[in-house]
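Engineer: So that we are looking at the same thing, I have put the structure below in structure tokens.
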Number of protein chains: 2
Amino acid sequence: MDFAGNPRELLRARTHDGVQRGPADVDPESKPGYLGAKAQGEQTLAIRSRRLSQLQELLYANGMSGNGDGRSVLLVIQGMDTSGKGGIMRNVVGAMDPQGVRAAAFKAPTDQERKHHFLWRVRKHLPPRGFVSVFDRSHYEDVLIHRVRELTALPEIAQRYGEIRAFEQELADQGTVIVKVMLHVSRDEQQDRLAERLDRPDKFWKYHPGDVDERAFWDEYMEAYRIAIAETDADHAPWFIVPANHKWYSRIAVQELLIGALESLDLQWPAADFDVTEEKRRLAES
Amino acid sequence: MDFAGNPRELLRARTHDGVQRGPADVDPESKPGYLGAKAQGEQTLAIRSRRLSQLQELLYANGMSGNGDGRSVLLVIQGMDTSGKGGIMRNVVGAMDPQGVRAAAFKAPTDQERKHHFLWRVRKHLPPRGFVSVFDRSHYEDVLIHRVRELTALPEIAQRYGEIRAFEQELADQGTVIVKVMLHVSRDEQQDRLAERLDRPDKFWKYHPGDVDERAFWDEYMEAYRIAIAETDADHAPWFIVPANHKWYSRIAVQELLIGALESLDLQWPAADFDVTEEKRRLAES
């Protein structure tokens with residue numbers, strides 16, 4: 001790979017000497033650890049897709065096999081509108097086998113979802129053993145937009161951080177490797193990207209007038225991210241702040257975070273749970 | 001594309017002059033309509049992946065937009081073990097954006113699923129508007145293995161064909177385009193492919209001793225397929241018998257069937273449901 005240094009360390013919100021960083025500490029224009037330019041970055045994405053895909057097959061094989069390791073991976077993607085969440089889905093997640101991947105997008109909750117605890121709808125999309133689940137937005141909306149737009153009172157928001165901590169601890173204890181990413185785009189870059197949607201009829205469907213309204217609360221969102229990250233960053237559920245003004249960079253960065261998560265499982269091909277010689281004989285006679 | 005003739009016509013179980021074909025009428029070694037060899041086929045797959053991906057984005061855009069067309073696609077993949085269902089998922093379905101694709105694998109039903117009507121578990125995975133759902137096995141197992149292994153009495157099997165017809169009619173009426181594929185591998189080719197799984201430790205997880213037992217019922221399976229196809233082939237829910245001894249061929253064939261299904265919707269980019277000029281002004285001021 002073309003990274004100088006380990007993206008898991010370079011992008012981690014909490015530095016290895018324990019400093020808790022927030023969005024304000026990370027330049028959206030930066031490309032931590034990557035020395036190449038865009039063309040090289042796109043090549044890196046293609047080359048490393050093969051590695052990602054191999055590792056994911058290994059995870060799936062272990063999940064499917066009675067003799068395998070029952071691990072799973074959860075990738076949480078958060079970010080402001082236009083930060084590139086969809087591009088991560090298409091270009092990074094899309095390189096893995098759809099059989100072993102569950103993608104879920106969490107939009108404004110439905111009436112039914114509102115009647116339940118905020119973690120209820122999220123639990124339905126957790127990865128079974130051997131699977132990678134990817135969340136486009138997540139339970140963090142319930143402490144981000146809810147905090148900024150005062151949809152929930154502060155004491156309850158405070159309680160939710162604790163509930164999220166307990167929830168993610170439970171997942172980790174069950175063998176799920178968690179990777180949480182904030183795609184960090186700048187306010188100006190967002191304006192450019194929204195303007196592009198308004199210039200192109202094939203992008204109109206991605207534009208919502210409400211997106212402009214939210215821009216008035218930019219600083220409040222950044223503060224809500226800072227707090228949410230600080231409250232829930234843990235070694236078993238780490239937060240990564242990924243600069244996202246350069247889409248190609250954020251893609252290879254998230255790709256490496258996924259690869260790193262899968263490699264950390266140190267999986268092997270599951271052993272046969274049958275007698276190979278005997279099966280060869282039976283097959284030959286069949 | 002490199003096909004001579006339309007795969008939707010060449011591979012359709014019911015010919016355009018109304019002859020209902022079954023697996024016995026299709027040579028698993030054949031490559032209907034494709035003139036090139038393997039290397040060219042792999043190139044075709046890569047090139048046509050872009051077209052497939054564009055069409056799927058158009059479907060998704062329509063599904064997401066309030067002004068869009070609320071259509072969806074259901075691809076059903078059936079076939080004997082080793083017929084290449086997994087490869088279709090990885091190589092054909094995998095080219096589409098995971099955000100708009102729902103892949104579901106139907107294995108032996110769980111205890112809970114057994115307590116319900118056989119269509120119950122299938123309904124949960126139908127495509128929402130704008131989505132492509134892909135079934136790796138499906139409700140057809142309930143008239144295939146159930147018929148062959150006598151898991152269900154014949155009068156009830158007979159009733160199920162009718163229930164499937166009604167079910168698929170209902171889907172079509174709701175705007176779902178249905179494509180049903182039988183990947184048709186030969187008995188000898190299956191033996192080779194199972195043998196390969198037994199030769200490679202990285203393939204052990206795909207091998208199940210029960211696969212050999214099923215080989216004894218090959219002819220009964222082909223007959224069950226013939227009947228199921230004849231009973232449920234309809235213009236709004238067509239069956240295609242895709243020769244699958246050459247994996248590269250079956251992949252580009254299914255890819256073209258999917259492309260054809262999406263093209264049949266004749267979708268356009270959804271119109272803006274907001275005032276573009278006004279939004280440009282608001283955005284510039286934000």
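Naming scheme: A, B, ... for chains in displayed order of the structure tokens; residues 1 onward per chain; ligands 1 onward as shown.
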Quick one: residues within 8 Å of range 234-237 of chain B, only C-alpha atoms counted, chain neighbours fewer than 4 positions away excluded, as number ranges by chain?
Structural biologist: B: 168-169, 172, 177-180
Engineer: Any idea which chain A residues end up within 7 Å of chain B if we count only C-alpha atoms, as a list in words please?
Structural biologist: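 So the contacting residues turn out to be Ala61, Ser65, Met89, Arg90, Gly94, Asp97, Pro98, Gln99, Ala103, Ala195, Leu198, Asp202, Phe204, Trp205, Pro209, Val212, Arg215, Ala216, Trp269, Pro270, Ala272, Val276, Glu279, Lys280, Leu283 and Ser286 of chain A.
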Engineer: Can you tell me which residues surround Asn6 in chain B at a distance of at most 9 Å, considering only C-alpha atoms, apart from same-chain residues fewer than 4 positions away, and format the answer as a PDB file with N, CA, C and O atoms, in the first residue's frame?
Structural biologist:
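Listing of part_28.pdb after writing:
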```
ATOM      1  N   LEU B  10     -33.312 -15.590 -26.545  1.00  0.00           N
ATOM      2  CA  LEU B  10     -32.535 -16.828 -26.740  1.00  0.00           C
ATOM      3  C   LEU B  10     -32.609 -17.767 -25.539  1.00  0.00           C
ATOM      4  O   LEU B  10     -32.526 -18.979 -25.686  1.00  0.00           O
ATOM      5  N   LEU B  11     -32.735 -17.193 -24.344  1.00  0.00           N
ATOM      6  CA  LEU B  11     -32.634 -18.002 -23.132  1.00  0.00           C
ATOM      7  C   LEU B  11     -33.979 -18.250 -22.463  1.00  0.00           C
ATOM      8  O   LEU B  11     -34.068 -19.032 -21.513  1.00  0.00           O
ATOM      9  N   GLY B  33     -25.992 -17.391 -28.481  1.00  0.00           N
ATOM     10  CA  GLY B  33     -25.904 -15.993 -28.881  1.00  0.00           C
ATOM     11  C   GLY B  33     -24.569 -15.334 -28.662  1.00  0.00           C
ATOM     12  O   GLY B  33     -24.376 -14.187 -29.073  1.00  0.00           O
ATOM     13  N   GLU B 256     -26.888  -9.569 -18.960  1.00  0.00           N
ATOM     14  CA  GLU B 256     -27.734  -9.008 -20.020  1.00  0.00           C
ATOM     15  C   GLU B 256     -29.220  -9.113 -19.660  1.00  0.00           C
ATOM     16  O   GLU B 256     -30.006  -8.226 -20.002  1.00  0.00           O
ATOM     17  N   GLY B 260     -31.494  -5.910 -19.537  1.00  0.00           N
ATOM     18  CA  GLY B 260     -32.734  -5.880 -20.306  1.00  0.00           C
ATOM     19  C   GLY B 260     -33.942  -5.542 -19.429  1.00  0.00           C
ATOM     20  O   GLY B 260     -34.817  -4.768 -19.815  1.00  0.00           O
TER      21      GLY B 260
END
```
Engineer: If you measure from CA of Glu57 in chain B to CA of Leu262 in chain B, what distance in Å do you get, rounded to one decimal?
Structural biologist: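 For CA of Glu57 in chain B relative to CA of Leu262 in chain B, the distance reads 10.4 Å.
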Engineer: Taking the chain letters and numbering used in this document, name the residues of range 50-151 of chain B that DSSP puts in alpha helix (DSSP H), as a PyMOL selection string.
Structural biologist: chain B and resi 50-64+85-91+111-114+120-123+145-148
Engineer: Please give the complete set of residues from range 18-260 of chain A that DSSP, run on the backbone, assigns to strand (DSSP E), formatted as a PyMOL selection string.
Structural biologist: chain A and resi 72-79+101-105+132-136+176-184+239-243
Engineer: Could you dump the residues just selected with N, CA and C atoms as a short mmCIF file (atom, residue, chain, number, x, y, z; two decimals), in the first residue's frame?
Structural biologist:
```cif
data_model
loop_
_atom_site.label_atom_id
_atom_site.label_comp_id
_atom_site.auth_asym_id
_atom_site.auth_seq_id
_atom_site.Cartn_x
_atom_site.Cartn_y
_atom_site.Cartn_z
N SER A 72 -17.59 -10.86 13.18
CA SER A 72 -18.29 -9.99 12.22
C SER A 72 -17.71 -8.59 12.31
N VAL A 73 -18.10 -7.74 11.38
CA VAL A 73 -17.57 -6.37 11.32
C VAL A 73 -18.72 -5.39 11.15
N LEU A 74 -18.65 -4.29 11.87
CA LEU A 74 -19.62 -3.21 11.70
C LEU A 74 -18.88 -1.92 11.36
N LEU A 75 -19.19 -1.39 10.19
CA LEU A 75 -18.62 -0.10 9.78
C LEU A 75 -19.72 0.95 9.85
N VAL A 76 -19.50 1.97 10.66
CA VAL A 76 -20.46 3.06 10.81
C VAL A 76 -19.91 4.28 10.06
N ILE A 77 -20.69 4.78 9.11
CA ILE A 77 -20.27 5.97 8.35
C ILE A 77 -21.18 7.13 8.71
N GLN A 78 -20.57 8.15 9.30
CA GLN A 78 -21.30 9.39 9.61
C GLN A 78 -20.67 10.54 8.84
N GLY A 79 -21.40 11.61 8.66
CA GLY A 79 -20.85 12.79 8.01
C GLY A 79 -21.98 13.71 7.60
N VAL A 101 -22.36 -8.90 2.75
CA VAL A 101 -22.41 -7.51 3.18
C VAL A 101 -23.87 -7.07 3.38
N ARG A 102 -24.14 -6.40 4.46
CA ARG A 102 -25.46 -5.82 4.70
C ARG A 102 -25.31 -4.30 4.79
N ALA A 103 -25.87 -3.60 3.82
CA ALA A 103 -25.82 -2.14 3.86
C ALA A 103 -27.16 -1.62 4.38
N ALA A 104 -27.11 -0.71 5.32
CA ALA A 104 -28.34 -0.13 5.84
C ALA A 104 -28.20 1.38 5.91
N ALA A 105 -29.21 2.09 5.41
CA ALA A 105 -29.21 3.55 5.49
C ALA A 105 -30.26 3.97 6.51
N VAL A 132 -20.28 -8.43 7.11
CA VAL A 132 -19.91 -7.04 7.32
C VAL A 132 -21.18 -6.22 7.18
N SER A 133 -21.56 -5.48 8.20
CA SER A 133 -22.67 -4.53 8.08
C SER A 133 -22.09 -3.13 7.94
N VAL A 134 -22.69 -2.35 7.07
CA VAL A 134 -22.25 -0.98 6.89
C VAL A 134 -23.45 -0.07 7.10
N PHE A 135 -23.28 0.88 8.00
CA PHE A 135 -24.36 1.82 8.31
C PHE A 135 -24.06 3.17 7.64
N ASP A 136 -24.98 3.62 6.81
CA ASP A 136 -24.95 4.96 6.24
C ASP A 136 -25.82 5.81 7.17
N THR A 176 -17.91 -8.67 17.44
CA THR A 176 -18.02 -7.74 16.32
C THR A 176 -16.92 -6.69 16.40
N VAL A 177 -16.18 -6.55 15.31
CA VAL A 177 -15.17 -5.49 15.24
C VAL A 177 -15.87 -4.24 14.73
N ILE A 178 -15.75 -3.16 15.47
CA ILE A 178 -16.46 -1.92 15.14
C ILE A 178 -15.47 -0.88 14.62
N VAL A 179 -15.85 -0.23 13.53
CA VAL A 179 -15.08 0.88 12.97
C VAL A 179 -16.04 2.04 12.76
N LYS A 180 -15.78 3.18 13.38
CA LYS A 180 -16.68 4.33 13.25
C LYS A 180 -15.95 5.47 12.56
N VAL A 181 -16.55 5.95 11.51
CA VAL A 181 -15.91 6.96 10.67
C VAL A 181 -16.75 8.23 10.60
N MET A 182 -16.13 9.36 10.87
CA MET A 182 -16.74 10.64 10.52
C MET A 182 -16.05 11.15 9.25
N LEU A 183 -16.82 11.25 8.17
CA LEU A 183 -16.29 11.85 6.94
C LEU A 183 -16.36 13.36 7.14
N HIS A 184 -15.20 13.99 7.12
CA HIS A 184 -15.11 15.38 7.54
C HIS A 184 -14.90 16.29 6.32
N TRP A 239 -13.29 5.72 16.98
CA TRP A 239 -13.72 6.73 16.03
C TRP A 239 -12.53 7.17 15.19
N PHE A 240 -12.77 7.35 13.91
CA PHE A 240 -11.77 7.89 13.00
C PHE A 240 -12.33 9.12 12.33
N ILE A 241 -11.57 10.19 12.31
CA ILE A 241 -12.00 11.41 11.62
C ILE A 241 -11.25 11.45 10.29
N VAL A 242 -12.00 11.25 9.20
CA VAL A 242 -11.37 11.09 7.89
C VAL A 242 -11.61 12.35 7.05
N PRO A 243 -10.54 13.08 6.73
CA PRO A 243 -10.70 14.27 5.88
C PRO A 243 -11.37 13.88 4.58
#
```
Engineer: Leaving out range 37-50 of chain B and any residue of its chain fewer than 2 positions from it, which residues lie within 7 Å of it when counting only C-alpha atoms, given as a count of residues only?
Structural biologist: 9
Engineer: Env of Phe106 in chain B: 9 Å cut, atoms = only C-alpha atoms, seq-sep filter 3 positions within chain, self excluded. Answer as a count of residues only.
Structural biologist: 9
Engineer: Using only C-alpha atoms, which residues sit within 12 Å of range 114-117 of chain B once same-chain residues fewer than 5 positions away are excluded, as a list in words?
Structural biologist: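 The neighbour list is Lys107, Ala108, Pro109, Val122, Arg123, His139, Asp142, Leu151, Glu156, Arg160, Glu163 and Ile164 of chain B.
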Engineer: Using all heavy atoms, can you write the selected residues to a file as a compact mmCIF listing (two decimals), in the first residue's frame?
Structural biologist:
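Saved as selection02.txt:
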```txt
# COMPACT_ATOMS: atom_id res chain seq x y z
N LYS B 107 -31.61 -20.57 2.59
CA LYS B 107 -31.13 -21.92 2.90
C LYS B 107 -32.29 -22.72 3.50
O LYS B 107 -33.43 -22.26 3.50
CB LYS B 107 -29.96 -21.80 3.89
CG LYS B 107 -28.80 -20.99 3.30
CD LYS B 107 -27.64 -20.90 4.27
CE LYS B 107 -26.67 -19.82 3.83
NZ LYS B 107 -25.97 -20.13 2.56
N ALA B 108 -31.97 -23.91 4.01
CA ALA B 108 -33.00 -24.71 4.68
C ALA B 108 -33.70 -23.82 5.70
O ALA B 108 -33.04 -23.11 6.46
CB ALA B 108 -32.37 -25.92 5.35
N PRO B 109 -35.03 -23.81 5.73
CA PRO B 109 -35.74 -22.89 6.62
C PRO B 109 -35.47 -23.17 8.10
O PRO B 109 -35.23 -24.30 8.49
CB PRO B 109 -37.22 -23.13 6.28
CG PRO B 109 -37.27 -24.42 5.55
CD PRO B 109 -35.94 -24.62 4.92
N VAL B 122 -39.97 -15.15 2.25
CA VAL B 122 -39.58 -14.53 0.99
C VAL B 122 -40.07 -13.07 0.94
O VAL B 122 -39.36 -12.17 0.49
CB VAL B 122 -40.16 -15.33 -0.19
CG1 VAL B 122 -39.92 -14.61 -1.51
CG2 VAL B 122 -39.56 -16.73 -0.21
N ARG B 123 -41.29 -12.86 1.42
CA ARG B 123 -41.88 -11.52 1.38
C ARG B 123 -41.02 -10.49 2.10
O ARG B 123 -40.99 -9.32 1.74
CB ARG B 123 -43.28 -11.53 1.99
CG ARG B 123 -44.33 -12.17 1.10
CD ARG B 123 -45.74 -12.00 1.70
NE ARG B 123 -46.73 -12.67 0.88
CZ ARG B 123 -47.34 -12.11 -0.17
NH1 ARG B 123 -47.04 -10.87 -0.51
NH2 ARG B 123 -48.22 -12.79 -0.87
N HIS B 139 -38.37 -19.08 -3.12
CA HIS B 139 -39.60 -19.83 -2.88
C HIS B 139 -39.70 -21.06 -3.79
O HIS B 139 -40.52 -21.93 -3.55
CB HIS B 139 -40.82 -18.94 -3.05
CG HIS B 139 -40.79 -18.04 -4.26
ND1 HIS B 139 -39.86 -17.03 -4.42
CD2 HIS B 139 -41.57 -18.01 -5.37
CE1 HIS B 139 -40.07 -16.41 -5.57
NE2 HIS B 139 -41.10 -16.98 -6.17
N ASP B 142 -39.35 -24.66 -2.43
CA ASP B 142 -40.52 -25.30 -1.83
C ASP B 142 -41.31 -26.15 -2.82
O ASP B 142 -42.26 -26.83 -2.43
CB ASP B 142 -41.40 -24.24 -1.17
CG ASP B 142 -40.65 -23.56 -0.03
OD1 ASP B 142 -40.61 -24.13 1.07
OD2 ASP B 142 -40.06 -22.49 -0.26
N LEU B 151 -40.76 -33.82 0.78
CA LEU B 151 -40.93 -33.11 2.04
C LEU B 151 -42.35 -32.58 2.18
O LEU B 151 -42.79 -32.22 3.26
CB LEU B 151 -39.93 -31.93 2.12
CG LEU B 151 -38.46 -32.29 1.95
CD1 LEU B 151 -37.59 -31.04 1.98
CD2 LEU B 151 -38.01 -33.29 3.01
N GLU B 156 -50.26 -30.77 -2.27
CA GLU B 156 -49.88 -29.46 -1.74
C GLU B 156 -48.85 -28.79 -2.65
O GLU B 156 -48.88 -27.57 -2.84
CB GLU B 156 -49.36 -29.58 -0.31
CG GLU B 156 -49.31 -28.23 0.38
CD GLU B 156 -48.81 -28.29 1.81
OE1 GLU B 156 -48.99 -29.32 2.47
OE2 GLU B 156 -48.21 -27.28 2.25
N ARG B 160 -49.07 -25.18 -4.48
CA ARG B 160 -48.03 -24.14 -4.36
C ARG B 160 -47.72 -23.47 -5.69
O ARG B 160 -47.41 -22.28 -5.72
CB ARG B 160 -46.74 -24.75 -3.77
CG ARG B 160 -46.87 -25.02 -2.29
CD ARG B 160 -45.57 -25.55 -1.70
NE ARG B 160 -45.74 -25.77 -0.27
CZ ARG B 160 -44.80 -26.22 0.54
NH1 ARG B 160 -43.59 -26.49 0.06
NH2 ARG B 160 -45.04 -26.38 1.83
N GLU B 163 -50.07 -20.81 -5.94
CA GLU B 163 -49.77 -19.72 -4.99
C GLU B 163 -48.60 -18.88 -5.49
O GLU B 163 -48.58 -17.66 -5.32
CB GLU B 163 -49.49 -20.30 -3.61
CG GLU B 163 -50.76 -20.85 -2.95
CD GLU B 163 -50.50 -21.61 -1.66
OE1 GLU B 163 -49.41 -22.21 -1.51
OE2 GLU B 163 -51.39 -21.61 -0.80
N ILE B 164 -47.62 -19.54 -6.10
CA ILE B 164 -46.49 -18.80 -6.65
C ILE B 164 -46.95 -17.92 -7.81
O ILE B 164 -46.55 -16.76 -7.93
CB ILE B 164 -45.36 -19.77 -7.10
CG1 ILE B 164 -44.71 -20.41 -5.87
CG2 ILE B 164 -44.33 -19.04 -7.95
CD1 ILE B 164 -43.68 -21.49 -6.20
```
Engineer: Any idea what the distance is between CA of Pro127 in chain B and CA of Arg71 in chain B?
Structural biologist: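 That distance, rounded to one decimal, is 9.1 Å.
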Engineer: Can you work out which one of A:Gln112, A:Gln56, A:Ser264, A:Thr82 has the shortest atom-to-atom distance to Gly175 in chain A, counting only C-alpha atoms?
Structural biologist: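 Ranking A:Gln112, A:Gln56, A:Ser264, A:Thr82 by distance to Gly175 in chain A, first place goes to A:Ser264.
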Engineer: With only C-alpha atoms as the basis for distance, which of B:Met80, B:Val92, B:Leu55, B:Ala4 is at the shortest distance from Leu265 in chain B?
Structural biologist: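 Of B:Met80, B:Val92, B:Leu55, B:Ala4, the one nearest Leu265 in chain B, counting only C-alpha atoms, is B:Leu55.
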